[in-house]
file final_29.txt (compact mmCIF, C-alpha atoms)
# COMPACT_ATOMS: atom_id res chain seq x y z
CA LEU A 4 0.00 0.00 0.00
CA LEU A 5 1.12 3.55 -0.71
CA GLY A 6 2.90 4.96 2.31
CA SER A 7 3.19 1.64 4.14
CA PRO A 8 6.60 0.53 5.54
CA ALA A 9 8.82 -1.54 3.24
CA MET A 10 8.89 -5.25 4.00
CA ASP A 11 12.16 -6.55 5.45
CA THR A 12 12.68 -10.27 4.87
CA ARG A 13 16.17 -10.71 6.33
CA ALA A 14 16.70 -13.74 8.55
CA PRO A 15 17.80 -13.26 12.19
CA ASP A 16 21.49 -13.91 12.85
CA LYS A 17 20.91 -16.23 15.78
CA PRO A 18 18.67 -19.26 16.39
CA GLY A 19 15.50 -18.83 18.40
CA ALA A 20 14.88 -15.26 17.21
CA ALA A 21 12.38 -13.76 14.79
CA ASP A 22 11.31 -10.34 13.58
CA VAL A 23 7.64 -10.55 14.51
CA THR A 24 6.93 -7.01 13.31
CA THR A 25 7.26 -7.92 9.64
CA SER A 26 4.55 -8.60 7.09
CA VAL A 27 6.01 -12.08 6.63
CA PHE A 28 4.00 -12.81 9.77
CA SER A 29 1.49 -9.98 9.95
CA LYS A 30 0.47 -7.16 7.61
CA VAL A 31 -0.78 -5.06 10.53
CA ARG A 32 2.48 -5.31 12.50
CA GLU A 33 4.96 -4.48 9.71
CA ASP A 34 7.11 -1.57 10.93
CA GLY A 35 9.79 -1.53 8.23
CA VAL A 36 12.53 -2.14 10.79
CA PHE A 37 14.71 -5.24 11.12
CA ASN A 38 14.30 -5.84 14.85
CA PRO A 39 14.32 -9.56 15.70
CA VAL A 40 13.59 -10.61 19.26
CA THR A 41 14.30 -13.88 21.05
CA ILE A 42 11.18 -16.02 21.09
CA PRO A 43 10.64 -17.06 24.71
CA SER A 44 9.79 -20.58 25.79
CA LEU A 45 6.22 -21.35 26.81
CA ILE A 46 7.46 -23.64 29.58
CA ASP A 47 6.12 -22.46 32.96
CA VAL A 48 4.50 -19.46 31.26
CA GLY A 49 1.33 -19.93 33.32
CA GLY A 50 2.94 -18.22 36.32
CA LYS A 51 3.78 -15.00 34.50
CA GLU A 52 1.99 -11.70 35.04
CA THR A 53 2.33 -10.41 31.45
CA PHE A 54 2.77 -12.27 28.17
CA GLY A 55 4.67 -11.50 24.99
CA GLU A 56 7.84 -9.59 24.23
CA THR A 57 6.74 -6.71 21.99
CA ALA A 58 3.00 -6.17 22.44
CA LYS A 59 2.57 -7.40 26.02
CA ALA A 60 -0.80 -8.89 26.92
CA PRO A 61 -2.34 -8.86 30.42
CA THR A 62 -3.65 -12.42 30.28
CA LEU A 63 -2.67 -15.67 28.58
CA HIS A 64 -6.04 -15.71 26.78
CA ALA A 65 -5.38 -12.23 25.37
CA PHE A 66 -1.86 -13.23 24.32
CA ILE A 67 -3.05 -16.32 22.43
CA GLU A 68 -5.90 -14.41 20.81
CA SER A 69 -3.49 -11.69 19.69
CA ALA A 70 -1.01 -14.23 18.31
CA VAL A 71 -3.73 -15.87 16.23
CA MET A 72 -5.48 -12.73 14.99
CA ALA A 73 -2.79 -10.02 14.80
CA GLU A 74 0.49 -11.89 14.43
CA PHE A 75 -0.73 -14.59 12.06
CA GLN A 76 -3.81 -12.84 10.61
CA GLY A 77 -6.16 -15.67 11.55
CA VAL A 78 -9.77 -15.61 12.68
CA ARG A 79 -10.61 -15.62 16.38
CA PRO A 80 -10.83 -19.18 17.72
CA PRO A 81 -14.12 -20.27 19.28
CA ASP A 82 -14.29 -19.61 23.04
CA ALA A 83 -13.99 -23.32 23.87
CA VAL A 84 -10.86 -23.63 21.71
CA LEU A 85 -9.32 -20.51 23.25
CA GLU A 86 -10.00 -21.89 26.73
CA GLY A 87 -8.43 -25.21 25.76
CA LEU A 88 -5.31 -23.56 24.31
CA ALA A 89 -4.86 -21.43 27.43
CA ALA A 90 -5.29 -24.46 29.69
CA TYR A 91 -2.78 -26.44 27.62
CA VAL A 92 -0.15 -23.69 27.64
CA SER A 93 -0.67 -23.08 31.37
CA GLY A 94 0.03 -26.75 31.99
CA LEU A 95 3.41 -26.75 30.26
CA SER A 96 5.90 -27.43 33.04
CA GLU A 97 9.64 -27.98 33.09
CA ASP A 98 9.14 -30.90 35.48
CA ALA A 99 6.84 -32.64 32.99
CA CYS A 100 9.16 -32.25 29.99
CA ARG A 101 11.08 -35.29 28.83
CA LYS A 102 14.83 -34.85 29.04
CA GLN A 103 15.29 -36.67 25.74
CA GLY A 104 13.41 -36.34 22.48
CA GLN A 105 10.63 -38.75 21.71
CA GLY A 106 9.98 -40.10 18.24
CA ARG A 107 6.57 -40.17 16.61
CA SER A 108 4.74 -43.01 14.94
CA VAL A 109 1.98 -43.02 12.35
CA GLN A 110 -0.34 -44.74 14.80
CA GLN A 111 0.21 -41.98 17.38
CA ASP A 112 -0.55 -39.26 14.84
CA MET A 113 -3.59 -41.05 13.44
CA GLU A 114 -4.87 -41.66 16.97
CA ASP A 115 -4.52 -37.93 17.62
CA ALA A 116 -6.71 -37.31 14.55
CA ALA A 117 -9.27 -39.85 15.78
CA ARG A 118 -9.34 -38.21 19.21
CA VAL A 119 -9.91 -34.81 17.62
CA LEU A 120 -12.89 -36.25 15.74
CA SER A 121 -14.19 -37.68 19.01
CA VAL A 122 -13.99 -34.27 20.69
CA ALA A 123 -15.73 -32.77 17.64
CA GLU A 124 -18.52 -35.27 18.25
CA GLU A 125 -18.82 -34.10 21.85
CA ALA A 126 -18.91 -30.46 20.74
CA ALA A 127 -21.67 -31.23 18.23
CA GLU A 128 -23.71 -33.06 20.87
CA ARG A 129 -23.75 -29.98 23.08
CA GLY A 130 -24.63 -27.76 20.11
CA ASP A 131 -21.23 -26.05 19.83
CA ILE A 132 -21.01 -26.33 16.06
CA GLU A 133 -18.38 -23.60 15.73
CA THR A 134 -15.95 -25.63 17.83
CA ALA A 135 -16.92 -28.85 16.05
CA ASP A 136 -16.08 -27.24 12.71
CA PHE A 137 -12.74 -25.97 14.05
CA LEU A 138 -11.88 -29.47 15.25
CA LEU A 139 -12.75 -31.02 11.88
CA LEU A 140 -10.31 -28.60 10.27
CA SER A 141 -7.72 -29.59 12.89
CA ALA A 142 -8.22 -33.27 12.04
CA GLN A 143 -7.61 -32.49 8.36
CA ASN A 144 -4.42 -30.70 9.33
CA LEU A 145 -3.20 -33.73 11.29
CA LEU A 146 -3.88 -35.99 8.32
CA GLY A 147 -1.90 -33.55 6.18
CA GLY A 148 1.08 -34.03 8.46
CA VAL A 149 0.88 -37.80 8.06
CA HIS A 150 0.50 -37.38 4.30
CA GLY A 151 3.77 -35.42 4.21
CA ARG A 152 5.61 -38.26 5.93
CA TYR A 153 4.31 -40.69 3.30
CA ALA A 154 5.57 -38.55 0.41
CA VAL A 155 7.86 -41.37 -0.67
CA LYS A 156 7.95 -43.18 -4.00
CA GLY A 157 5.86 -46.34 -3.85
CA LEU A 158 3.41 -45.07 -1.21
CA ASP A 159 0.90 -43.50 -3.61
CA GLU A 160 -2.01 -45.65 -2.41
CA GLU A 161 -1.41 -44.67 1.19
CA ARG A 162 -1.38 -40.96 0.32
CA GLU A 163 -4.53 -41.36 -1.76
CA ALA A 164 -6.28 -43.01 1.19
CA LEU A 165 -5.30 -40.09 3.43
CA GLU A 166 -6.53 -37.60 0.84
CA LYS A 167 -9.84 -39.45 0.52
CA LEU A 168 -10.35 -39.35 4.29
CA ALA A 169 -9.43 -35.66 4.47
CA ARG A 170 -11.91 -34.85 1.68
CA ALA A 171 -14.64 -36.76 3.51
CA ILE A 172 -13.98 -34.67 6.61
CA GLY A 173 -14.08 -31.54 4.43
CA ARG A 174 -17.48 -32.51 3.04
CA LEU A 175 -18.75 -33.05 6.56
CA ARG A 176 -17.56 -29.56 7.53
CA SER A 177 -19.98 -28.11 4.98
CA THR A 178 -22.90 -29.72 6.82
CA ALA A 179 -21.67 -29.07 10.36
CA ARG A 180 -24.10 -26.21 10.93
CA ALA A 181 -27.00 -28.64 10.91
CA SER A 182 -25.90 -30.30 14.16
CA SER A 183 -28.07 -33.28 13.24
CA ASP A 184 -27.98 -36.88 14.36
CA GLU A 185 -26.78 -37.76 10.86
CA PHE A 186 -23.85 -35.37 11.26
CA ARG A 187 -22.78 -37.06 14.48
CA THR A 188 -23.26 -40.51 12.94
CA GLN A 189 -20.97 -39.58 10.06
CA LEU A 190 -18.42 -38.24 12.54
CA ALA A 191 -18.39 -41.57 14.37
CA SER A 192 -17.95 -43.38 11.06
CA LEU A 193 -14.99 -41.16 10.08
CA ARG A 194 -13.40 -41.72 13.48
CA LYS A 195 -13.63 -45.50 12.92
CA GLU A 196 -12.24 -45.11 9.39
CA THR A 197 -9.31 -43.10 10.76
CA ARG A 198 -8.34 -45.91 13.12
CA THR A 199 -8.75 -48.53 10.38
CA LEU A 200 -6.51 -46.54 8.06
CA SER A 201 -3.99 -46.13 10.88
CA ALA A 202 -3.49 -49.90 11.04
CA GLU A 203 -3.04 -50.06 7.26
CA LEU A 204 -0.52 -47.21 7.24
CA ALA A 205 1.47 -48.86 10.02
CA LEU A 206 2.26 -51.74 7.65
CA GLU A 207 4.28 -49.34 5.46
CA GLU A 208 5.65 -47.09 8.18
CA ALA A 209 9.20 -48.42 7.74
CA ARG A 210 9.21 -47.11 4.14
CA SER A 211 7.97 -43.65 5.12
CA PHE A 212 9.65 -40.59 6.58
CA TYR A 213 8.58 -41.75 10.03
CA ASP A 214 11.64 -43.98 9.78
CA ALA A 215 14.67 -41.90 10.76
CA ALA A 216 16.98 -43.73 8.35
CA VAL A 217 14.63 -43.17 5.39
CA LEU A 218 14.29 -39.48 6.22
CA SER A 219 18.01 -39.03 6.74
CA ALA A 220 18.84 -40.68 3.41
CA ALA A 221 16.29 -38.54 1.57
CA LEU A 222 17.62 -35.33 3.12
CA GLU A 223 21.19 -36.30 2.29
CA ALA A 224 20.25 -37.05 -1.33
CA TYR A 225 18.40 -33.75 -1.58
CA GLY A 226 21.34 -31.86 -0.15
CA ASN A 227 23.80 -33.52 -2.51
CA SER A 228 21.73 -32.96 -5.63
CA GLY A 229 20.45 -29.50 -4.80
CA SER A 230 17.41 -30.16 -6.97
CA GLU A 231 15.93 -33.60 -6.51
CA LYS A 232 13.25 -33.51 -3.85
CA PRO A 233 12.84 -36.45 -1.43

call {"tool": "encode", "arguments": {"input": "final_29.txt", "output": "structure tokens"}}
result
Amino acid sequence: LLGSPAMDTRAPDKPGAADVTTSVFSKVREDGVFNPVTIPSLIDVGGKETFGETAKAPTLHAFIESAVMAEFQGVRPPDAVLEGLAAYVSGLSEDACRKQGQGRSVQQDMEDAARVLSVAEEAAERGDIETADFLLLSAQNLLGGVHGRYAVKGLDEEREALEKLARAIGRLRSTARASSDEFRTQLASLRKETRTLSAELALEEARSFYDAAVLSAALEAYGNSGSEKP
């Protein structure tokens, strides 16, 4: 826009920092100045009195809402989702953190998607269709993450199955406003289908990027070629 600050896309010179007042993140926060700040950990953040480094918020709810709407230009989450996010972040504790990293499995990620669909069912039963719709979108996002880990030659059928399931969830989102018994029945069916597909995907997990050796080899090949994607 005429008269707006120029966008600065330089990368910070140290890990763990970001220029959050750039239009790369938010059009409304672009200030035309390269001023990266260290992104603080959310561990034990529940005991703080103010939240954020640049635009400080008085409550954790306000901080999360601002991050979603101003920093990342998203729409305001439903109240139930905002409450859940705040409760989750408040519960992050140093004492509860594992000292070593923990690997993921396709069954863990697919179970997460199934659990999200189950919570969407509960939201629909109490008439909170806005939250149910948000959760359906979240389930699609989780399936997208699994799909990315199966982006390996020879796993086309597995990716197609994930896409088919994600599309079915998308179609259900278009009818979520009805909050009907049929809507909840379809949700239960998709949850069952998610767990069935999880077992099928597990059979090929060793060929996917869930396997550290497969991922490492693909990254090394990509780095050596400079052009061939994994």

call {"tool": "residues_around", "arguments": {"input": "final_29.txt", "residues": "A:Lys156", "least_positions_apart": "3", "cutoff": "10 Å", "atoms": "all atoms listed in the file", "output": "list in words"}}
result
Tyr153, Asp159, Arg210, Ser211 and Pro233 of chain A

call {"tool": "atom_distance", "arguments": {"input": "final_29.txt", "atom1": "atom CA of A:Ser44", "atom2": "atom CA of A:Val84"}}
result
21.3 Å

call {"tool": "closest_atom_pairs", "arguments": {"input": "final_29.txt", "of": "stretch 29-120 of chain A", "to": "stretch 128-149 of chain A", "cutoff": "7 Å", "atoms": "all atoms listed in the file", "output": "Markdown table"}}
result
| residue | atom | partner | partner_atom | distance |
| --- | --- | --- | --- | --- |
| A:Pro81 | CA | A:Thr134 | CA | 5.8 |
| A:Ala83 | CA | A:Thr134 | CA | 6.8 |
| A:Val84 | CA | A:Thr134 | CA | 6.7 |
| A:Val109 | CA | A:Val149 | CA | 6.8 |
| A:Ala116 | CA | A:Ala142 | CA | 5.0 |
| A:Val119 | CA | A:Ala142 | CA | 6.0 |
| A:Leu120 | CA | A:Leu139 | CA | 6.5 |

call {"tool": "residues_around", "arguments": {"input": "final_29.txt", "residues": "A:Leu63", "least_positions_apart": "3", "cutoff": "8 Å", "atoms": "all atoms listed in the file", "output": "VMD selection string"}}
result
chain A and resid 49 53 to 54 60 66 to 67 89

call {"tool": "residues_around", "arguments": {"input": "final_29.txt", "residues": "A:Phe186", "least_positions_apart": "2", "cutoff": "12 Å", "atoms": "all atoms listed in the file", "output": "PyMOL selection string"}}
result
chain A and resi 120+123-128+130+132+135-136+139+172+174-184+188-193

call {"tool": "closest_residue", "arguments": {"input": "final_29.txt", "among": "A:Glu33, A:Asp47, A:Glu160, A:Asp112", "to": "A:Ala73", "atoms": "only C-alpha atoms"}}
result
A:Glu33

call {"tool": "atom_distance", "arguments": {"input": "final_29.txt", "atom1": "atom CA of A:Pro61", "atom2": "atom CA of A:Val48"}}
result
12.6 Å

call {"tool": "closest_residue", "arguments": {"input": "final_29.txt", "among": "A:Arg194, A:Ile46, A:Gly35, A:Gln111", "to": "A:Tyr91", "atoms": "all atoms listed in the file"}}
result
A:Ile46

call {"tool": "atom_distance", "arguments": {"input": "final_29.txt", "atom1": "atom CA of A:Tyr225", "atom2": "atom CA of A:Glu207"}}
result
22.2 Å

call {"tool": "residues_around", "arguments": {"input": "final_29.txt", "residues": "stretch 22-27 of chain A", "least_positions_apart": "4", "cutoff": "6 Å", "atoms": "only C-alpha atoms", "output": "VMD selection string"}}
result
chain A and resid 32 to 34 38 to 39

call {"tool": "residues_around", "arguments": {"input": "final_29.txt", "residues": "A:Thr197", "least_positions_apart": "2", "cutoff": "9 Å", "atoms": "all atoms listed in the file", "output": "VMD selection string"}}
result
chain A and resid 113 to 114 116 to 117 165 168 192 to 195 199 to 202

call {"tool": "closest_residue", "arguments": {"input": "final_29.txt", "among": "A:Phe212, A:Gly151, A:Val122, A:Ser219", "to": "A:Arg107", "atoms": "all atoms listed in the file"}}
result
A:Phe212

call {"tool": "build_atoms", "arguments": {"input": "final_29.txt", "residues": "stretch 63-74 of chain A", "atoms": "all heavy atoms", "output": "CSV table (one decimal), in the frame of the given file"}}
result
chain,number,residue,atom,x,y,z
A,63,LEU,N,-3.1,-14.7,29.5
A,63,LEU,CA,-2.7,-15.7,28.6
A,63,LEU,C,-3.7,-15.8,27.5
A,63,LEU,O,-3.3,-16.0,26.3
A,63,LEU,CB,-2.5,-17.0,29.3
A,63,LEU,CG,-1.9,-18.2,28.5
A,63,LEU,CD1,-0.6,-17.7,27.8
A,63,LEU,CD2,-1.7,-19.4,29.3
A,64,HIS,N,-5.0,-15.7,27.8
A,64,HIS,CA,-6.0,-15.7,26.8
A,64,HIS,C,-5.8,-14.6,25.8
A,64,HIS,O,-5.9,-14.8,24.5
A,64,HIS,CB,-7.4,-15.6,27.4
A,64,HIS,CG,-7.8,-16.8,28.2
A,64,HIS,ND1,-7.2,-17.1,29.4
A,64,HIS,CD2,-8.8,-17.7,28.0
A,64,HIS,CE1,-7.8,-18.2,29.9
A,64,HIS,NE2,-8.8,-18.6,29.0
A,65,ALA,N,-5.6,-13.4,26.3
A,65,ALA,CA,-5.4,-12.2,25.4
A,65,ALA,C,-4.1,-12.4,24.5
A,65,ALA,O,-4.1,-12.1,23.3
A,65,ALA,CB,-5.3,-11.0,26.2
A,66,PHE,N,-3.1,-13.0,25.1
A,66,PHE,CA,-1.9,-13.2,24.3
A,66,PHE,C,-2.1,-14.2,23.2
A,66,PHE,O,-1.7,-14.0,22.0
A,66,PHE,CB,-0.8,-13.8,25.3
A,66,PHE,CG,0.4,-14.3,24.6
A,66,PHE,CD1,1.3,-13.4,24.0
A,66,PHE,CD2,0.7,-15.6,24.5
A,66,PHE,CE1,2.5,-13.8,23.3
A,66,PHE,CE2,1.8,-16.1,23.8
A,66,PHE,CZ,2.7,-15.2,23.3
A,67,ILE,N,-2.8,-15.3,23.5
A,67,ILE,CA,-3.0,-16.3,22.4
A,67,ILE,C,-4.0,-15.7,21.4
A,67,ILE,O,-3.7,-15.9,20.2
A,67,ILE,CB,-3.7,-17.6,23.1
A,67,ILE,CG1,-2.7,-18.3,24.0
A,67,ILE,CG2,-4.2,-18.5,22.0
A,67,ILE,CD1,-3.2,-19.4,24.8
A,68,GLU,N,-5.0,-15.0,21.8
A,68,GLU,CA,-5.9,-14.4,20.8
A,68,GLU,C,-5.2,-13.4,19.9
A,68,GLU,O,-5.4,-13.4,18.7
A,68,GLU,CB,-7.0,-13.7,21.5
A,68,GLU,CG,-8.1,-13.1,20.6
A,68,GLU,CD,-9.2,-12.5,21.4
A,68,GLU,OE1,-9.4,-12.9,22.6
A,68,GLU,OE2,-10.0,-11.7,20.8
A,69,SER,N,-4.3,-12.6,20.5
A,69,SER,CA,-3.5,-11.7,19.7
A,69,SER,C,-2.6,-12.4,18.7
A,69,SER,O,-2.4,-12.0,17.6
A,69,SER,CB,-2.7,-10.8,20.6
A,69,SER,OG,-1.8,-9.9,19.9
A,70,ALA,N,-1.9,-13.5,19.2
A,70,ALA,CA,-1.0,-14.2,18.3
A,70,ALA,C,-1.7,-14.8,17.1
A,70,ALA,O,-1.2,-14.7,16.0
A,70,ALA,CB,-0.4,-15.4,19.1
A,71,VAL,N,-2.9,-15.3,17.3
A,71,VAL,CA,-3.7,-15.9,16.2
A,71,VAL,C,-4.2,-14.8,15.3
A,71,VAL,O,-4.1,-14.9,14.0
A,71,VAL,CB,-4.9,-16.7,16.8
A,71,VAL,CG1,-5.9,-17.1,15.7
A,71,VAL,CG2,-4.4,-17.9,17.6
A,72,MET,N,-4.8,-13.7,15.8
A,72,MET,CA,-5.5,-12.7,15.0
A,72,MET,C,-4.6,-11.7,14.4
A,72,MET,O,-4.7,-11.3,13.3
A,72,MET,CB,-6.6,-12.1,15.8
A,72,MET,CG,-7.7,-13.1,16.2
A,72,MET,SD,-9.0,-12.3,17.2
A,72,MET,CE,-9.7,-11.2,15.9
A,73,ALA,N,-3.6,-11.1,15.3
A,73,ALA,CA,-2.8,-10.0,14.8
A,73,ALA,C,-1.5,-10.5,14.2
A,73,ALA,O,-1.1,-10.1,13.1
A,73,ALA,CB,-2.5,-9.1,16.0
A,74,GLU,N,-0.8,-11.4,14.9
A,74,GLU,CA,0.5,-11.9,14.4
A,74,GLU,C,0.4,-12.8,13.2
A,74,GLU,O,1.2,-12.7,12.3
A,74,GLU,CB,1.2,-12.6,15.5
A,74,GLU,CG,2.7,-13.0,15.2
A,74,GLU,CD,3.5,-13.4,16.4
A,74,GLU,OE1,3.1,-13.1,17.5
A,74,GLU,OE2,4.5,-14.1,16.2
